[in-house]
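*Asks:* Input structure: run12.pdb, which contains PDB, C-alpha atoms.
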ATOM      1  CA  GLN J   1     -94.191  -9.113 -58.638
ATOM      2  CA  LYS J   2     -93.269  -5.441 -58.504
ATOM      3  CA  GLU J   3     -90.444  -4.400 -60.790
ATOM      4  CA  VAL J   4     -88.421  -2.805 -58.004
ATOM      5  CA  GLU J   5     -88.685  -4.053 -54.435
ATOM      6  CA  GLN J   6     -87.322  -2.428 -51.322
ATOM      7  CA  ASP J   7     -87.744  -3.055 -47.615
ATOM      8  CA  PRO J   8     -89.749  -0.070 -46.350
ATOM      9  CA  GLY J   9     -88.165  -0.191 -42.890
ATOM     10  CA  PRO J  10     -88.078   1.818 -40.729
ATOM     11  CA  LEU J  11     -84.397   1.320 -40.138
ATOM     12  CA  SER J  12     -82.838   2.907 -37.048
ATOM     13  CA  VAL J  13     -79.092   3.106 -36.532
ATOM     14  CA  PRO J  14     -76.819   4.983 -34.115
ATOM     15  CA  GLU J  15     -74.818   7.937 -35.355
ATOM     16  CA  GLY J  16     -71.559   6.842 -36.953
ATOM     17  CA  ALA J  17     -72.851   3.441 -38.071
ATOM     18  CA  ILE J  18     -72.505   2.088 -41.578
ATOM     19  CA  VAL J  19     -75.907   1.892 -43.227
ATOM     20  CA  SER J  20     -76.734  -0.639 -45.907
ATOM     21  CA  LEU J  21     -79.827  -0.060 -48.044
ATOM     22  CA  ASN J  22     -80.875  -2.575 -50.671
ATOM     23  CA  CYS J  23     -83.221  -3.096 -53.573
ATOM     24  CA  THR J  24     -83.975  -5.952 -55.906
ATOM     25  CA  TYR J  25     -85.426  -5.667 -59.363
ATOM     26  CA  SER J  26     -86.953  -8.053 -61.833
ATOM     27  CA  ASN J  27     -86.463  -6.408 -65.228
ATOM     28  CA  SER J  28     -83.136  -7.532 -66.663
ATOM     29  CA  ALA J  29     -83.346  -4.744 -69.252
ATOM     30  CA  PHE J  30     -82.674  -2.066 -66.661
ATOM     31  CA  GLN J  31     -79.340  -0.377 -67.267
ATOM     32  CA  TYR J  32     -79.517   2.779 -65.148
ATOM     33  CA  PHE J  33     -79.798   2.670 -61.389
ATOM     34  CA  MET J  34     -80.353   5.584 -59.073
ATOM     35  CA  TRP J  35     -80.651   6.333 -55.393
ATOM     36  CA  TYR J  36     -82.705   9.296 -54.263
ATOM     37  CA  ARG J  37     -83.009  10.827 -50.827
ATOM     38  CA  GLN J  38     -86.345  12.276 -49.827
ATOM     39  CA  TYR J  39     -86.861  14.312 -46.717
ATOM     40  CA  SER J  40     -90.322  14.452 -45.221
ATOM     41  CA  ARG J  41     -92.733  16.422 -47.409
ATOM     42  CA  LYS J  42     -90.061  17.206 -49.976
ATOM     43  CA  GLY J  43     -89.350  15.970 -53.474
ATOM     44  CA  PRO J  44     -86.640  13.347 -54.088
ATOM     45  CA  GLU J  45     -83.086  14.515 -54.720
ATOM     46  CA  LEU J  46     -80.613  12.447 -56.694
ATOM     47  CA  LEU J  47     -77.814  10.976 -54.579
ATOM     48  CA  MET J  48     -76.128   8.434 -56.798
ATOM     49  CA  TYR J  49     -76.441   7.324 -60.371
ATOM     50  CA  THR J  50     -74.858   4.168 -61.761
ATOM     51  CA  TYR J  51     -74.829   2.741 -65.229
ATOM     52  CA  SER J  52     -74.768  -1.063 -65.471
ATOM     53  CA  SER J  53     -72.888  -3.137 -62.901
ATOM     54  CA  GLY J  54     -70.176  -1.897 -60.601
ATOM     55  CA  ASN J  55     -69.449   0.411 -57.716
ATOM     56  CA  LYS J  56     -69.561   4.155 -57.469
ATOM     57  CA  GLU J  57     -68.361   6.222 -54.553
ATOM     58  CA  ASP J  58     -69.164   9.807 -53.632
ATOM     59  CA  GLY J  59     -67.995  10.986 -50.254
ATOM     60  CA  ARG J  60     -69.695   8.891 -47.587
ATOM     61  CA  PHE J  61     -71.973   7.203 -50.113
ATOM     62  CA  THR J  62     -71.215   4.087 -52.147
ATOM     63  CA  ALA J  63     -73.615   2.591 -54.658
ATOM     64  CA  GLN J  64     -73.252  -0.993 -55.877
ATOM     65  CA  VAL J  65     -75.041  -2.715 -58.709
ATOM     66  CA  ASP J  66     -74.923  -6.460 -59.279
ATOM     67  CA  LYS J  67     -76.831  -7.153 -62.464
ATOM     68  CA  SER J  68     -76.266 -10.905 -62.230
ATOM     69  CA  SER J  69     -78.353 -11.049 -59.074
ATOM     70  CA  LYS J  70     -80.455  -7.973 -59.886
ATOM     71  CA  TYR J  71     -79.425  -6.378 -56.626
ATOM     72  CA  ILE J  72     -78.599  -2.741 -55.915
ATOM     73  CA  SER J  73     -77.196  -1.326 -52.713
ATOM     74  CA  LEU J  74     -76.393   1.997 -51.135
ATOM     75  CA  PHE J  75     -73.908   2.217 -48.285
ATOM     76  CA  ILE J  76     -73.625   5.244 -46.057
ATOM     77  CA  ARG J  77     -70.480   5.500 -43.947
ATOM     78  CA  ASP J  78     -70.247   7.489 -40.727
ATOM     79  CA  SER J  79     -73.984   8.098 -40.762
ATOM     80  CA  GLN J  80     -75.252  11.393 -39.395
ATOM     81  CA  PRO J  81     -78.631  12.455 -37.990
ATOM     82  CA  SER J  82     -78.985  14.632 -41.094
ATOM     83  CA  ASP J  83     -79.021  11.423 -43.153
ATOM     84  CA  SER J  84     -82.402  10.594 -41.623
ATOM     85  CA  ALA J  85     -84.739  10.457 -44.601
ATOM     86  CA  THR J  86     -86.448   8.055 -46.944
ATOM     87  CA  TYR J  87     -84.148   6.521 -49.536
ATOM     88  CA  LEU J  88     -85.654   5.522 -52.859
ATOM     89  CA  CYS J  89     -83.998   3.306 -55.406
ATOM     90  CA  ALA J  90     -84.993   3.593 -59.036
ATOM     91  CA  ALA J  91     -84.092   1.841 -62.255
ATOM     92  CA  HIS J  92     -84.800   2.153 -65.936
ATOM     93  CA  ASN J  93     -83.484   1.546 -69.383
ATOM     94  CA  TYR J  94     -82.622   4.402 -71.677
ATOM     95  CA  GLY J  95     -85.763   5.690 -73.329
ATOM     96  CA  GLN J  96     -87.985   4.100 -70.737
ATOM     97  CA  ASN J  97     -89.620   5.578 -67.693
ATOM     98  CA  PHE J  98     -88.162   5.270 -64.261
ATOM     99  CA  VAL J  99     -89.463   2.625 -61.880
ATOM    100  CA  PHE J 100     -89.132   3.484 -58.222
ATOM    101  CA  GLY J 101     -89.011   1.294 -55.154
ATOM    102  CA  PRO J 102     -91.286   2.244 -52.247
ATOM    103  CA  GLY J 103     -88.394   3.702 -50.243
ATOM    104  CA  THR J 104     -86.704   2.782 -46.978
ATOM    105  CA  ARG J 105     -87.164   5.133 -44.058
ATOM    106  CA  LEU J 106     -83.886   5.644 -42.227
ATOM    107  CA  SER J 107     -83.440   7.203 -38.796
ATOM    108  CA  VAL J 108     -79.944   7.973 -37.548
ATOM    109  CA  LEU J 109     -80.052   8.485 -33.815
ATOM    110  CA  PRO J 110     -77.635  10.937 -32.161
TER     111      PRO J 110
ATOM    112  CA  GLY U   1     -77.742  21.953 -59.984
ATOM    113  CA  ALA U   2     -80.952  22.554 -61.867
ATOM    114  CA  VAL U   3     -83.884  23.785 -59.826
ATOM    115  CA  VAL U   4     -87.505  22.806 -60.218
ATOM    116  CA  SER U   5     -90.195  24.588 -58.253
ATOM    117  CA  GLN U   6     -93.787  23.645 -57.563
ATOM    118  CA  HIS U   7     -96.663  25.811 -56.485
ATOM    119  CA  PRO U   8     -98.537  25.551 -54.228
ATOM    120  CA  SER U   9     -96.645  23.411 -51.766
ATOM    121  CA  ARG U  10     -99.824  22.525 -49.960
ATOM    122  CA  VAL U  11    -103.487  22.874 -50.850
ATOM    123  CA  ILE U  12    -106.704  21.930 -49.129
ATOM    124  CA  CYS U  13    -109.888  21.999 -51.145
ATOM    125  CA  LYS U  14    -113.481  20.892 -50.970
ATOM    126  CA  SER U  15    -114.710  17.861 -52.836
ATOM    127  CA  GLY U  16    -115.885  18.740 -56.348
ATOM    128  CA  THR U  17    -113.544  21.674 -56.881
ATOM    129  CA  SER U  18    -110.607  21.802 -59.289
ATOM    130  CA  VAL U  19    -107.026  22.395 -58.242
ATOM    131  CA  LYS U  20    -104.132  23.530 -60.418
ATOM    132  CA  ILE U  21    -100.528  22.697 -59.578
ATOM    133  CA  GLU U  22     -97.667  24.445 -61.356
ATOM    134  CA  CYS U  23     -94.243  22.997 -62.058
ATOM    135  CA  ARG U  24     -91.453  25.289 -63.226
ATOM    136  CA  SER U  25     -87.876  24.699 -64.246
ATOM    137  CA  LEU U  26     -86.112  27.798 -62.978
ATOM    138  CA  ASP U  27     -82.730  27.781 -64.667
ATOM    139  CA  PHE U  28     -83.022  25.409 -67.599
ATOM    140  CA  GLN U  29     -85.395  24.542 -70.387
ATOM    141  CA  ALA U  30     -87.284  21.330 -69.832
ATOM    142  CA  THR U  31     -88.383  19.616 -72.997
ATOM    143  CA  THR U  32     -90.021  16.908 -70.917
ATOM    144  CA  MET U  33     -91.809  17.070 -67.598
ATOM    145  CA  PHE U  34     -93.094  14.151 -65.609
ATOM    146  CA  TRP U  35     -95.890  14.070 -63.069
ATOM    147  CA  TYR U  36     -95.771  11.555 -60.244
ATOM    148  CA  ARG U  37     -98.079  10.690 -57.415
ATOM    149  CA  GLN U  38     -96.936   9.333 -54.096
ATOM    150  CA  PHE U  39     -98.960   7.743 -51.306
ATOM    151  CA  PRO U  40     -97.496   7.307 -47.818
ATOM    152  CA  LYS U  41     -94.947   4.495 -47.681
ATOM    153  CA  LYS U  42     -95.461   3.815 -51.380
ATOM    154  CA  SER U  43     -93.242   4.372 -54.360
ATOM    155  CA  LEU U  44     -93.522   7.240 -56.761
ATOM    156  CA  MET U  45     -96.020   6.342 -59.449
ATOM    157  CA  LEU U  46     -95.672   7.987 -62.815
ATOM    158  CA  MET U  47     -98.935   9.558 -63.919
ATOM    159  CA  ALA U  48     -98.008  11.173 -67.193
ATOM    160  CA  THR U  49     -95.224  12.495 -69.357
ATOM    161  CA  SER U  50     -95.575  15.833 -71.079
ATOM    162  CA  ASN U  51     -93.504  17.299 -73.849
ATOM    163  CA  GLU U  52     -93.657  21.002 -74.590
ATOM    164  CA  GLY U  53     -96.237  21.817 -77.201
ATOM    165  CA  SER U  54     -97.782  18.370 -77.456
ATOM    166  CA  LYS U  55    -100.385  16.333 -75.615
ATOM    167  CA  ALA U  56     -99.351  14.489 -72.497
ATOM    168  CA  THR U  57     -98.887  10.735 -72.492
ATOM    169  CA  TYR U  58    -100.779   9.168 -69.629
ATOM    170  CA  GLU U  59     -99.877   5.936 -67.888
ATOM    171  CA  GLN U  60    -102.361   3.115 -67.850
ATOM    172  CA  GLY U  61    -105.084   3.654 -65.298
ATOM    173  CA  VAL U  62    -104.671   7.433 -65.086
ATOM    174  CA  GLU U  63    -107.772   9.328 -66.218
ATOM    175  CA  LYS U  64    -106.708  12.011 -68.660
ATOM    176  CA  ASP U  65    -109.984  13.913 -68.225
ATOM    177  CA  LYS U  66    -109.501  14.062 -64.493
ATOM    178  CA  PHE U  67    -105.821  14.973 -64.465
ATOM    179  CA  LEU U  68    -105.365  17.657 -67.094
ATOM    180  CA  ILE U  69    -101.782  18.399 -68.017
ATOM    181  CA  ASN U  70    -100.637  21.422 -69.957
ATOM    182  CA  HIS U  71     -97.024  21.961 -70.959
ATOM    183  CA  ALA U  72     -97.324  25.396 -72.498
ATOM    184  CA  SER U  73     -93.681  26.410 -72.423
ATOM    185  CA  LEU U  74     -90.226  24.966 -71.909
ATOM    186  CA  THR U  75     -90.271  26.073 -68.279
ATOM    187  CA  LEU U  76     -93.847  25.473 -67.167
ATOM    188  CA  SER U  77     -96.153  22.491 -66.872
ATOM    189  CA  THR U  78     -99.446  22.456 -64.994
ATOM    190  CA  LEU U  79    -101.478  19.611 -63.561
ATOM    191  CA  THR U  80    -105.145  20.311 -62.915
ATOM    192  CA  VAL U  81    -107.073  17.869 -60.765
ATOM    193  CA  THR U  82    -110.660  18.329 -61.873
ATOM    194  CA  SER U  83    -113.667  17.640 -59.648
ATOM    195  CA  ALA U  84    -111.389  16.498 -56.870
ATOM    196  CA  HIS U  85    -112.478  13.761 -54.488
ATOM    197  CA  PRO U  86    -111.009  12.664 -51.164
ATOM    198  CA  GLU U  87    -109.298   9.704 -52.860
ATOM    199  CA  ASP U  88    -107.307  12.214 -54.923
ATOM    200  CA  SER U  89    -105.595  13.367 -51.741
ATOM    201  CA  SER U  90    -101.933  12.617 -52.259
ATOM    202  CA  PHE U  91     -98.471  14.053 -52.717
ATOM    203  CA  TYR U  92     -97.950  15.166 -56.311
ATOM    204  CA  ILE U  93     -94.393  15.577 -57.543
ATOM    205  CA  CYS U  94     -93.173  16.854 -60.880
ATOM    206  CA  SER U  95     -89.795  16.395 -62.447
ATOM    207  CA  ALA U  96     -88.146  18.009 -65.429
ATOM    208  CA  ALA U  97     -85.649  16.708 -67.923
ATOM    209  CA  THR U  98     -83.685  18.335 -70.676
ATOM    210  CA  GLY U  99     -84.072  15.461 -73.135
ATOM    211  CA  THR U 100     -87.090  13.533 -74.315
ATOM    212  CA  ARG U 101     -85.884  10.618 -72.231
ATOM    213  CA  ALA U 102     -83.290  11.117 -69.583
ATOM    214  CA  PRO U 103     -80.662   8.880 -68.089
ATOM    215  CA  GLY U 104     -80.744   8.923 -64.308
ATOM    216  CA  GLY U 105     -78.698  12.054 -63.837
ATOM    217  CA  GLU U 106     -80.814  14.394 -65.906
ATOM    218  CA  GLN U 107     -84.195  14.324 -64.207
ATOM    219  CA  PHE U 108     -84.704  16.962 -61.549
ATOM    220  CA  PHE U 109     -87.552  16.798 -59.061
ATOM    221  CA  GLY U 110     -89.736  19.517 -57.666
ATOM    222  CA  PRO U 111     -90.453  19.724 -53.923
ATOM    223  CA  GLY U 112     -93.945  18.300 -54.284
ATOM    224  CA  THR U 113     -97.488  19.498 -53.603
ATOM    225  CA  ARG U 114     -99.573  17.965 -50.871
ATOM    226  CA  LEU U 115    -103.231  17.906 -51.866
ATOM    227  CA  THR U 116    -105.921  17.272 -49.305
ATOM    228  CA  VAL U 117    -109.497  16.999 -50.508
ATOM    229  CA  LEU U 118    -112.106  17.302 -47.800
TER     230      LEU U 118
END
Could I get this structure in the form of structure tokens?

*Replies:*
Amino acid sequence: QKEVEQDPGPLSVPEGAIVSLNCTYSNSAFQYFMWYRQYSRKGPELLMYTYSSGNKEDGRFTAQVDKSSKYISLFIRDSQPSDSATYLCAAHNYGQNFVFGPGTRLSVLP
Amino acid sequence: GAVVSQHPSRVICKSGTSVKIECRSLDFQATTMFWYRQFPKKSLMLMATSNEGSKATYEQGVEKDKFLINHASLTLSTLTVTSAHPEDSSFYICSAATGTRAPGGEQFFGPGTRLTVL
């Protein structure tokens, strides 16, 4: 079993839709959870960073972590065509290397 | 935010040649740099961790003699793919951190280098 699992998609939604992206993980020691956005042929850029369980909101983006079910989510409200990218979740514990999911490819159609 | 650059962004080489990829932190000092490899539709796979002035730590299964890493200064790390083969074709991404181990918010990624070995 991979440590971080993610549906690779592709996921297509109409502009303005609410997008829900999800990951599951197996290592209960993970404390830090991140979402990265990666445009084609570019390096990942950090979108959201959450420590332990809970919600975090930043503009149109909301990250949720449920450590009891080992489930992490990213919600994008009012999605835009510019949100079309691959979204990677990642997790780690302090002092340990990051473990990335394979990414979900999102297309927001105008 | 902190900026990490990579050079070249794309390289095509013949099988058997060596290729050097540079990773630079432009506006901060990176005590630790990480090298990742990414295949299409796959997750980022950590290859090695390098700390300035010391030998890199390679992940299991990564050949240290094939992927030479040099972290000569606090702003520059290089990855040299020696005697490249077509199976080395991949997207190589570096990241830089200000601490020896970073919480999620302190690792900054470069734009990546696409290597194609013919």

*Asks:* How big is the axis-aligned box around all listed atoms of range 43-47 of chain J once 8 Å goes on each side, and where's its centre, in Å to one decimal, as AutoDock Vina command-line options?

*Replies:*
--center_x -83.6 --center_y 13.5 --center_z -55.1 --size_x 27.5 --size_y 21.0 --size_z 19.2

*Asks:* What does the structure give for the distance between CA of Val62 in chain U and CA of Phe109 in chain U, in Å to one decimal?

*Replies:* 20.4 Å

*Asks:* Report the closest atom pair, with its distance in Å rounded to one decimal, for each residue of chain U that has an atom no farther than 6 Å from chain J; count only C-alpha atoms, sort by chain and then rising residue number, and write it as CSV.

*Replies:*
residue,atom,partner,partner_atom,distance
U:Lys42,CA,J:Pro102,CA,4.5
U:Ser43,CA,J:Pro102,CA,3.6
U:Leu44,CA,J:Phe100,CA,6.0
U:Arg101,CA,J:Gly95,CA,5.1
U:Phe109,CA,J:Gly43,CA,5.9
U:Gly110,CA,J:Gly43,CA,5.5
U:Pro111,CA,J:Gly43,CA,3.9
U:Gly112,CA,J:Gly43,CA,5.2

*Asks:* Name all residues at most 10 Å from Ala56 in chain U (count all atoms listed in the file; drop same-chain ones fewer than 6 positions away) and give them as a PyMOL selection string.

*Replies:* chain U and resi 32-34+47-50+64+68-71

*Asks:* Output the selection as a PDB file, in the frame of the given file - C-alpha atoms for each residue.

*Replies:*
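The resulting result38.pdb:
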ATOM      1  CA  THR U  32     -90.021  16.908 -70.917  1.00  0.00           C
ATOM      2  CA  MET U  33     -91.809  17.070 -67.598  1.00  0.00           C
ATOM      3  CA  PHE U  34     -93.094  14.151 -65.609  1.00  0.00           C
ATOM      4  CA  MET U  47     -98.935   9.558 -63.919  1.00  0.00           C
ATOM      5  CA  ALA U  48     -98.008  11.173 -67.193  1.00  0.00           C
ATOM      6  CA  THR U  49     -95.224  12.495 -69.357  1.00  0.00           C
ATOM      7  CA  SER U  50     -95.575  15.833 -71.079  1.00  0.00           C
ATOM      8  CA  LYS U  64    -106.708  12.011 -68.660  1.00  0.00           C
ATOM      9  CA  LEU U  68    -105.365  17.657 -67.094  1.00  0.00           C
ATOM     10  CA  ILE U  69    -101.782  18.399 -68.017  1.00  0.00           C
ATOM     11  CA  ASN U  70    -100.637  21.422 -69.957  1.00  0.00           C
ATOM     12  CA  HIS U  71     -97.024  21.961 -70.959  1.00  0.00           C
TER      13      HIS U  71
END

*Asks:* With a distance cut-off of 8 Å and only C-alpha atoms, select the neighbouring residues of Gly54 in chain J, excluding the residue or stretch itself and same-chain residues fewer than 2 positions from it, and output the selection as a list in words.

*Replies:* Thr50, Ser52, Lys56, Gln64, Val65 and Asp66 of chain J

*Asks:* Evaluate the PyMOL selection byres ((chain U and resi 89) around 10) on the structure here and hand back the selected residues as a list in words.

*Replies:*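 So the PyMOL selection byres ((chain U and resi 89) around 10) ends up selecting Val11, Ile12, Cys13, Arg37, Gln38, Phe39, Ala84, His85, Pro86, Glu87, Asp88, Ser90, Phe91, Tyr92, Arg114, Leu115, Thr116, Val117 and Leu118 of chain U.
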
*Asks:* Using only C-alpha atoms, find all polymer residues with an atom at most 9 Å away from the point (-71.0, 1.2, -45.3); report them as a CSV table (one decimal) with C-alpha atoms, in the coordinates of the input.

*Replies:*
chain,number,residue,atom,x,y,z
J,17,ALA,CA,-72.9,3.4,-38.1
J,18,ILE,CA,-72.5,2.1,-41.6
J,19,VAL,CA,-75.9,1.9,-43.2
J,20,SER,CA,-76.7,-0.6,-45.9
J,60,ARG,CA,-69.7,8.9,-47.6
J,61,PHE,CA,-72.0,7.2,-50.1
J,62,THR,CA,-71.2,4.1,-52.1
J,74,LEU,CA,-76.4,2.0,-51.1
J,75,PHE,CA,-73.9,2.2,-48.3
J,76,ILE,CA,-73.6,5.2,-46.1
J,77,ARG,CA,-70.5,5.5,-43.9
J,78,ASP,CA,-70.2,7.5,-40.7
J,79,SER,CA,-74.0,8.1,-40.8

*Asks:* Show me, as an MDAnalysis selection string, the residues that have an atom within 6 Å of Ser25 in chain U when counting only C-alpha atoms, minus same-chain residues fewer than 3 positions from it.

*Replies:* chainID U and resid 4 28 75

*Asks:* Evaluate the PyMOL selection byres ((chain U and resi 76) around 10) on the structure here and hand back the selected residues as a VMD selection string.

*Replies:* chain U and resid 4 to 6 22 to 26 29 to 31 33 52 70 to 75 77 to 78 96

*Asks:* Please identify all polymer residues within 7 Å of Ser107 in chain J, counting all atoms listed in the file, omitting same-chain residues fewer than 6 positions from it, and present them as a tab-separated table (two decimals) with C-alpha atoms, keeping the file's coordinate frame.

*Replies:*
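Saved as part-v1.tsv:
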chain	number	residue	atom	x	y	z
J	11	LEU	CA	-84.40	1.32	-40.14
J	12	SER	CA	-82.84	2.91	-37.05
J	13	VAL	CA	-79.09	3.11	-36.53
J	84	SER	CA	-82.40	10.59	-41.62
J	85	ALA	CA	-84.74	10.46	-44.60

*Asks:* Using only C-alpha atoms, find the one residue out of J:Glu15, J:Asn27, J:Pro110, J:Tyr87 that sits nearest to Ser68 in chain J.

*Replies:*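 Selected residue with least distance to Ser68 in chain J: J:Asn27.
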
*Asks:* When you draw a straight line from CA of Glu63 in chain U to CA of Arg37 in chain J, how long is it in Å?

*Replies:*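 Result for CA of Glu63 in chain U versus CA of Arg37 in chain J: 29.2 Å, one decimal.
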
*Asks:* Quick one, how far is CA of Ile93 in chain U from CA of Gln107 in chain U?

*Replies:*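 Taking CA of Ile93 in chain U as the start and CA of Gln107 in chain U as the end point, the length is 12.2 Å.
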
*Asks:* For the provided coordinates, the residues matched by the PyMOL selection byres ((chain J and resi 24) around 7) should be stated as a list in words.

*Replies:*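 Written out, the selection comes to Val4, Glu5, Gln6, Asn22, Cys23, Tyr25, Ser26, Lys70, Tyr71 and Ile72 of chain J.
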
*Asks:* Write the residues of the selection above to a file with C-alpha atoms, as a CSV table (one decimal), in the frame of the given file.

*Replies:*
chain,number,residue,atom,x,y,z
J,4,VAL,CA,-88.4,-2.8,-58.0
J,5,GLU,CA,-88.7,-4.1,-54.4
J,6,GLN,CA,-87.3,-2.4,-51.3
J,22,ASN,CA,-80.9,-2.6,-50.7
J,23,CYS,CA,-83.2,-3.1,-53.6
J,25,TYR,CA,-85.4,-5.7,-59.4
J,26,SER,CA,-87.0,-8.1,-61.8
J,70,LYS,CA,-80.5,-8.0,-59.9
J,71,TYR,CA,-79.4,-6.4,-56.6
J,72,ILE,CA,-78.6,-2.7,-55.9
